[in-house]
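**Q** Supplied in C-alpha cells, the structure appears directly below.
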Amino acid sequence: MHLSKKCSVFKVVLSALLIVALLQLIYLSFLSRFHGKQQRYRYSELFGGSAAKKNAHPEKNTRKERLRYSLSTGGIFDNSGQYRVYKNLIKSDFTTSQVPGSHSNSGILTLATHTTINNLHHLDSLLERWQNPLSVAIFAHGEDVKFATALAYALSFFCPQIQALVDFHLICLSGETASFPEQDQEHFAGLEDCASVFSRLETHRDKYQNYAISGNISYPNNLLRNVARGGAESSYILVIDIDMMPSADLHQQFLAMIRRRPPVSDEVFVLPAFEIRHARKIPSTKAELVQLYQVGEVRPFYEELCPRCQAPTNYSQWVNSHVRETGSLEVAYTLNWVDPWEPFYIGPPTVPLYDENFKQYGFNRISQACELHVAGYRFSVLSSAFVVHRGFKIQGEFHAKKEEENKQNRVLFRSFKEGLKTKYPSSTRRC
C-alpha cells in the first residue's frame, strides 16, 4: 500500500518536472524566435524590406540612399593611383544642412582625424569631449573594407550624436571597392543600439600593431589627413590622431578668441601636445593637466621617442605661464618654426596640404610644418588649449619596420625640401 502511494507521488513529481521542462523549452523557443524576428526587423530597418516600409523613418531612408549613392560612384583615385577614396561616404546632419562657401561656415571649428577600423573605437570617448563637427577618414584593406562600410553606417544609424556631427570618409586600395552592405547580415547580427556597435568595434581593437597592416600594406596617413580636412566645411580645422583628446570647451573658447582679434591669414594656432601615462581620466583644463605634469603622470608628447620633435613648443614657458582670471583663451607667445618641430595646430583650410608621398612612419607631419614655415606662416601658441595622447609613447612598442620606414622617409624629406625652393622661389625661409 505504502509502495503504491510512493509510486503515485513519484509519477506526479516526474510529470510536474516534465511539464516545467516543456514550458521552459517553449519559452526558450519563443525567445529565440522573438530575438530572430527582432534582428530581422533591425536589419530590415537598416537596409529596407517590408518591415522598414511599414515603419519607415524618412531620415533613416535618406541616410541609406545617400550611402548607396556614395558607393555607386565607385569613389575616386588619389593622385598616385594607388588608393580609392570615398569622400563623404556618410554625411552628418550638420554637413548636409550646410551650404558650401556660405557665411554660415565662418563660425565653425572642425576636428579632422584618421584611423583604421582597429582604432575606430576611440571615437566613443572622443565624442564625450568633442561635441562639435568631426571629420573621420578611415583606411581599410581586404575584408575590413566591408566591415568598415557596415560599421560606419551602423554608427551613423544608431548613435544620435554621430548622426548629427560626424562625417565618414573611406579609403582603400585602388583595386578594392566598397559595396552596399545590404546582404551583410553577419556584421549586423546583435546590433541593437549605439553601445552594441562600439562593443563590436572593440573586437577589432589592437588587431595589428601601429602601421603593421596585414599584407604589407602602407598606411597613407597624409592622404587620410587631407581627405579628412577636405571633408570639413568650416573656417578652421584641427587635425589630430584619433587616439588624442583636445582640452575641454576648445571649440567655444577658440571661436570666442577669434571674434576678439582680427584674423590673420598666415597664422596657425599651436596646441601643446602631451601624453598621459594612464588614460582613465584625460585632463580637461590646463590646471588639471599641469597638476598631472608636475607629478610625472603627463609629459611632453614623444618625449622618449623624439624629444626634439616637440621641444620648440617651449613646455616650461607654457606650463609656467598664467591664464588670466577671465579664463579666456588667447595667444601666449609666437614662435618661428625650427627643424624638426611637428606641432598640432588649428588653421584655416587654406594652409598647404600634407604631402601624400609620405606614408607609414616618419616625417609625415614635419614635412607639412616645414612647408608652412617656408610659405610664411607664424606659429602662435595658445595659452590654455592642448591635446593629450592616450598612453606614453615608448621604445619597443612600434612595428618591426619602423626604423626602415623612417630612413626611407628621411631621404624623401630631403627631396621634399629641395622642391619647396621651386614652389616658393621668393621665400627666404628654409627648413
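Each chain in the C-alpha cells gets a letter, A, B, ..., in the order shown, and its residues are numbered from 1; ligands are numbered from 1 in order too.
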Neighbouring residues of Lys281 (chain A) were defined as those with any atom within 12 Å, considering only C-alpha atoms; residues of the same chain fewer than 6 positions away were excluded. Please report them as a count of residues only.
**A** 13
**Q** If you run DSSP on the backbone here, which positions in region 231-426 of chain A get helix (DSSP H, G or I)? Please write them as a ChimeraX atom specification.
**A** /A:250-260,286-294,307-309,311-313,315-320,364-374,402-423
**Q** Out of A:Arg84, A:Lys393, A:Lys401, A:His322, which residue has the shortest atom-to-atom distance to Asp243 (chain A) when counting only C-alpha atoms?
**A** A:Lys393
**Q** List as a list in words the protein and nucleic acid residues near Gly231 (chain A), meaning an atom at most 10 Å away when only C-alpha atoms are counted, but skip any in the same chain fewer than 4 places from it.
**A**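 Result of the neighbour search: Lys87, Asn88, Lys91, Thr95, Thr110, Ala112, Leu134, Ser135, Val136, Ala137, Asp167, Phe168, His169, Arg225, Asn226 and Val227 of chain A.
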**Q** Hey, can you spit out that residue selection with N, CA and C atoms as a compact mmCIF listing (two decimals), in the first residue's frame?
**A**
# COMPACT_ATOMS: atom_id res chain seq x y z
N LYS A 87 35.00 59.97 -50.60
CA LYS A 87 34.85 61.17 -49.77
C LYS A 87 33.38 61.35 -49.41
N ASN A 88 33.12 61.73 -48.16
CA ASN A 88 31.75 61.89 -47.68
C ASN A 88 30.92 60.64 -47.91
N LYS A 91 27.49 61.38 -44.63
CA LYS A 91 27.49 62.77 -44.17
C LYS A 91 26.66 62.91 -42.90
N THR A 95 26.63 68.57 -41.73
CA THR A 95 27.22 68.85 -43.05
C THR A 95 26.14 68.92 -44.12
N THR A 110 36.27 72.55 -37.02
CA THR A 110 36.06 71.12 -37.22
C THR A 110 37.30 70.35 -36.78
N ALA A 112 39.45 67.12 -37.44
CA ALA A 112 39.67 66.15 -38.51
C ALA A 112 40.63 65.08 -38.00
N LEU A 134 32.95 66.80 -36.72
CA LEU A 134 34.09 65.88 -36.73
C LEU A 134 34.15 65.17 -38.08
N SER A 135 35.32 65.17 -38.69
CA SER A 135 35.53 64.54 -39.99
C SER A 135 36.52 63.39 -39.82
N VAL A 136 36.08 62.16 -40.13
CA VAL A 136 36.87 60.95 -39.88
C VAL A 136 37.19 60.23 -41.18
N ALA A 137 38.49 60.09 -41.49
CA ALA A 137 38.92 59.32 -42.66
C ALA A 137 39.37 57.94 -42.18
N ASP A 167 31.18 63.09 -40.03
CA ASP A 167 31.27 62.69 -41.44
C ASP A 167 32.31 61.58 -41.56
N PHE A 168 31.98 60.53 -42.31
CA PHE A 168 32.91 59.43 -42.53
C PHE A 168 33.37 59.42 -43.98
N HIS A 169 34.68 59.22 -44.16
CA HIS A 169 35.27 59.05 -45.50
C HIS A 169 36.01 57.71 -45.48
N ARG A 225 44.77 62.43 -43.81
CA ARG A 225 44.64 63.76 -43.20
C ARG A 225 44.03 64.74 -44.19
N ASN A 226 44.49 64.69 -45.44
CA ASN A 226 43.95 65.60 -46.45
C ASN A 226 42.49 65.33 -46.76
N VAL A 227 42.12 64.06 -46.81
CA VAL A 227 40.71 63.71 -47.07
C VAL A 227 39.83 64.21 -45.93
**Q** Which value, in Å to one decimal, gives the distance between CA of Ile346 (chain A) and CA of Thr115 (chain A)?
**A**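 Atom-to-atom, CA of Ile346 (chain A) to CA of Thr115 (chain A), that is 19.5 Å.
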**Q** Using only C-alpha atoms, find the one residue out of A:Thr203, A:Gln131, A:Ser316, A:Asn336 that sits nearest to Val268 (chain A).
**A**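 With only C-alpha atoms as the atom set, the closest residue is A:Asn336.
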**Q** Can you tell me, as a PyMOL selection string, what residues are no more than 7 Å from region 271-273 of chain A when counting only C-alpha atoms, ignoring any on the same chain fewer than 4 positions away?
**A** chain A and resi 300-301+313+344-345+381-382+385-388
**Q** Give the answer as one residue: which of A:Ala178, A:Ile217, A:Ile394, A:Cys159 has the shortest atom-to-atom distance to Leu191 (chain A), using only C-alpha atoms?
**A**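 Closest to Leu191 (chain A) of all the choices is A:Cys159.
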**Q** Report the closest atom pair, with its distance in Å rounded to one decimal, for each residue of region 342-362 of chain A that has an atom no farther than 8 Å from region 406-420 of chain A; count only C-alpha atoms, sort by chain and then rising residue number, and write it as a Markdown table.
**A**
| residue | atom | partner | partner_atom | distance |
| --- | --- | --- | --- | --- |
| A:Phe358 | CA | A:Asn409 | CA | 6.6 |
| A:Tyr361 | CA | A:Asn406 | CA | 5.8 |
| A:Gly362 | CA | A:Asn406 | CA | 4.7 |
**Q** Env of Ala375 (chain A): 9 Å cut, atoms = only C-alpha atoms, seq-sep filter 5 positions within chain, self excluded. Answer as a ChimeraX atom specification.
**A** /A:266,352,370,420,424,427,429
**Q** Suppose you want the space between CA of Phe180 (chain A) and CA of Ser156 (chain A); what is it in Å?
**A**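 Straight-line distance from CA of Phe180 (chain A) to CA of Ser156 (chain A) works out to 14.6 Å.
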**Q** Excluding same-chain residues fewer than 5 positions from Gln360 (chain A), what lies within 12 Å of it counting only C-alpha atoms, as a short mmCIF file (atom, residue, chain, number, x, y, z; two decimals) with N, CA and C atoms, in the first residue's frame?
**A**
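Below is the file that was written, part-v7.cif:
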data_model
loop_
_atom_site.label_atom_id
_atom_site.label_comp_id
_atom_site.auth_asym_id
_atom_site.auth_seq_id
_atom_site.Cartn_x
_atom_site.Cartn_y
_atom_site.Cartn_z
N ASN A 210 50.24 49.38 -34.60
CA ASN A 210 50.56 50.63 -35.28
C ASN A 210 50.34 50.52 -36.79
N TYR A 211 51.42 50.67 -37.57
CA TYR A 211 51.29 50.67 -39.02
C TYR A 211 51.47 49.27 -39.63
N ALA A 212 51.55 48.24 -38.83
CA ALA A 212 51.80 46.89 -39.34
C ALA A 212 50.49 46.27 -39.83
N ILE A 213 49.99 46.76 -40.96
CA ILE A 213 48.73 46.27 -41.53
C ILE A 213 49.01 44.98 -42.28
N ASN A 216 51.34 43.64 -45.75
CA ASN A 216 52.43 44.59 -46.00
C ASN A 216 51.92 45.84 -46.74
N ILE A 217 50.78 46.34 -46.30
CA ILE A 217 50.13 47.50 -46.94
C ILE A 217 50.58 48.78 -46.24
N SER A 218 50.89 49.82 -47.03
CA SER A 218 51.31 51.10 -46.47
C SER A 218 50.10 51.90 -46.00
N TYR A 219 50.21 52.45 -44.79
CA TYR A 219 49.16 53.30 -44.25
C TYR A 219 49.38 54.72 -44.76
N PRO A 220 48.46 55.24 -45.59
CA PRO A 220 48.66 56.56 -46.22
C PRO A 220 48.20 57.70 -45.32
N ASN A 221 48.92 57.93 -44.21
CA ASN A 221 48.45 58.87 -43.20
C ASN A 221 48.21 60.28 -43.74
N ASN A 222 49.09 60.77 -44.60
CA ASN A 222 48.90 62.13 -45.10
C ASN A 222 47.74 62.23 -46.08
N LEU A 223 47.52 61.21 -46.87
CA LEU A 223 46.33 61.19 -47.72
C LEU A 223 45.07 61.23 -46.85
N LEU A 224 45.06 60.45 -45.78
CA LEU A 224 43.90 60.43 -44.88
C LEU A 224 43.69 61.79 -44.23
N ARG A 365 54.31 64.58 -40.70
CA ARG A 365 53.82 65.86 -40.18
C ARG A 365 54.90 66.94 -40.19
N PHE A 398 56.59 49.87 -31.23
CA PHE A 398 56.27 50.09 -32.64
C PHE A 398 56.49 48.81 -33.45
N HIS A 399 55.97 48.83 -34.66
CA HIS A 399 56.10 47.70 -35.55
C HIS A 399 57.57 47.51 -35.97
N LYS A 401 59.20 47.38 -38.76
CA LYS A 401 59.81 48.12 -39.87
C LYS A 401 59.88 49.63 -39.63
N LYS A 402 59.64 50.05 -38.42
CA LYS A 402 59.62 51.49 -38.12
C LYS A 402 60.90 52.19 -38.55
N GLU A 403 62.06 51.67 -38.15
CA GLU A 403 63.33 52.34 -38.45
C GLU A 403 63.62 52.35 -39.95
N GLU A 404 63.28 51.27 -40.62
CA GLU A 404 63.47 51.20 -42.07
C GLU A 404 62.62 52.26 -42.78
N GLU A 405 61.36 52.39 -42.34
CA GLU A 405 60.47 53.39 -42.93
C GLU A 405 60.98 54.81 -42.64
N ASN A 406 61.48 55.01 -41.44
CA ASN A 406 61.99 56.32 -41.06
C ASN A 406 63.17 56.73 -41.96
N LYS A 407 64.06 55.78 -42.27
CA LYS A 407 65.19 56.06 -43.15
C LYS A 407 64.72 56.42 -44.56
N GLN A 408 63.75 55.66 -45.07
CA GLN A 408 63.22 55.93 -46.41
C GLN A 408 62.58 57.32 -46.47
N ASN A 409 61.81 57.65 -45.43
CA ASN A 409 61.13 58.95 -45.43
C ASN A 409 62.09 60.10 -45.17
#
**Q** Quick one: everything within 8 Å of Gly175 (chain A), counting only C-alpha atoms, minus sequence neighbours fewer than 2 positions away in the same chain. Send it as a list in words.
**A**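 Contacts, with the query itself left out: Tyr83, Arg84, Leu173 and Thr177 of chain A.
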**Q** Residues as selected, N, CA, C and O atoms, written as a PDB file, in the first residue's frame, can you do that?
**A**
ATOM      1  N   TYR A  83      45.280  54.450 -54.377  1.00  0.00           N
ATOM      2  CA  TYR A  83      44.196  54.377 -53.394  1.00  0.00           C
ATOM      3  C   TYR A  83      42.882  54.868 -53.994  1.00  0.00           C
ATOM      4  O   TYR A  83      42.863  55.761 -54.849  1.00  0.00           O
ATOM      5  N   ARG A  84      41.804  54.284 -53.504  1.00  0.00           N
ATOM      6  CA  ARG A  84      40.452  54.696 -53.893  1.00  0.00           C
ATOM      7  C   ARG A  84      39.835  55.457 -52.715  1.00  0.00           C
ATOM      8  O   ARG A  84      39.875  54.987 -51.572  1.00  0.00           O
ATOM      9  N   LEU A 173      42.582  50.412 -51.071  1.00  0.00           N
ATOM     10  CA  LEU A 173      43.468  50.291 -52.230  1.00  0.00           C
ATOM     11  C   LEU A 173      42.662  50.467 -53.512  1.00  0.00           C
ATOM     12  O   LEU A 173      41.463  50.161 -53.558  1.00  0.00           O
ATOM     13  N   THR A 177      36.994  47.734 -53.880  1.00  0.00           N
ATOM     14  CA  THR A 177      35.810  48.598 -53.907  1.00  0.00           C
ATOM     15  C   THR A 177      34.948  48.305 -52.693  1.00  0.00           C
ATOM     16  O   THR A 177      34.883  47.175 -52.216  1.00  0.00           O
TER      17      THR A 177
END
**Q** What is the CA of Tyr293 (chain A) to CA of His122 (chain A) distance in Å?
**A**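 Going from CA of Tyr293 (chain A) over to CA of His122 (chain A), I get 23.2 Å.
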**Q** Where does DSSP see strand (DSSP E) in region 102-289 of chain A, if you list the residues as a ChimeraX atom specification?
**A** /A:109-116,134-139,166-173,236-239,244-246,267-271,273-276
**Q** May I ask which of the residues A:Val319, A:Ser235, A:Ser426, A:Gln368 is the closest one to Pro263 (chain A), counting only C-alpha atoms?
**A**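 Ranking A:Val319, A:Ser235, A:Ser426, A:Gln368 by distance to Pro263 (chain A), first place goes to A:Ser235.
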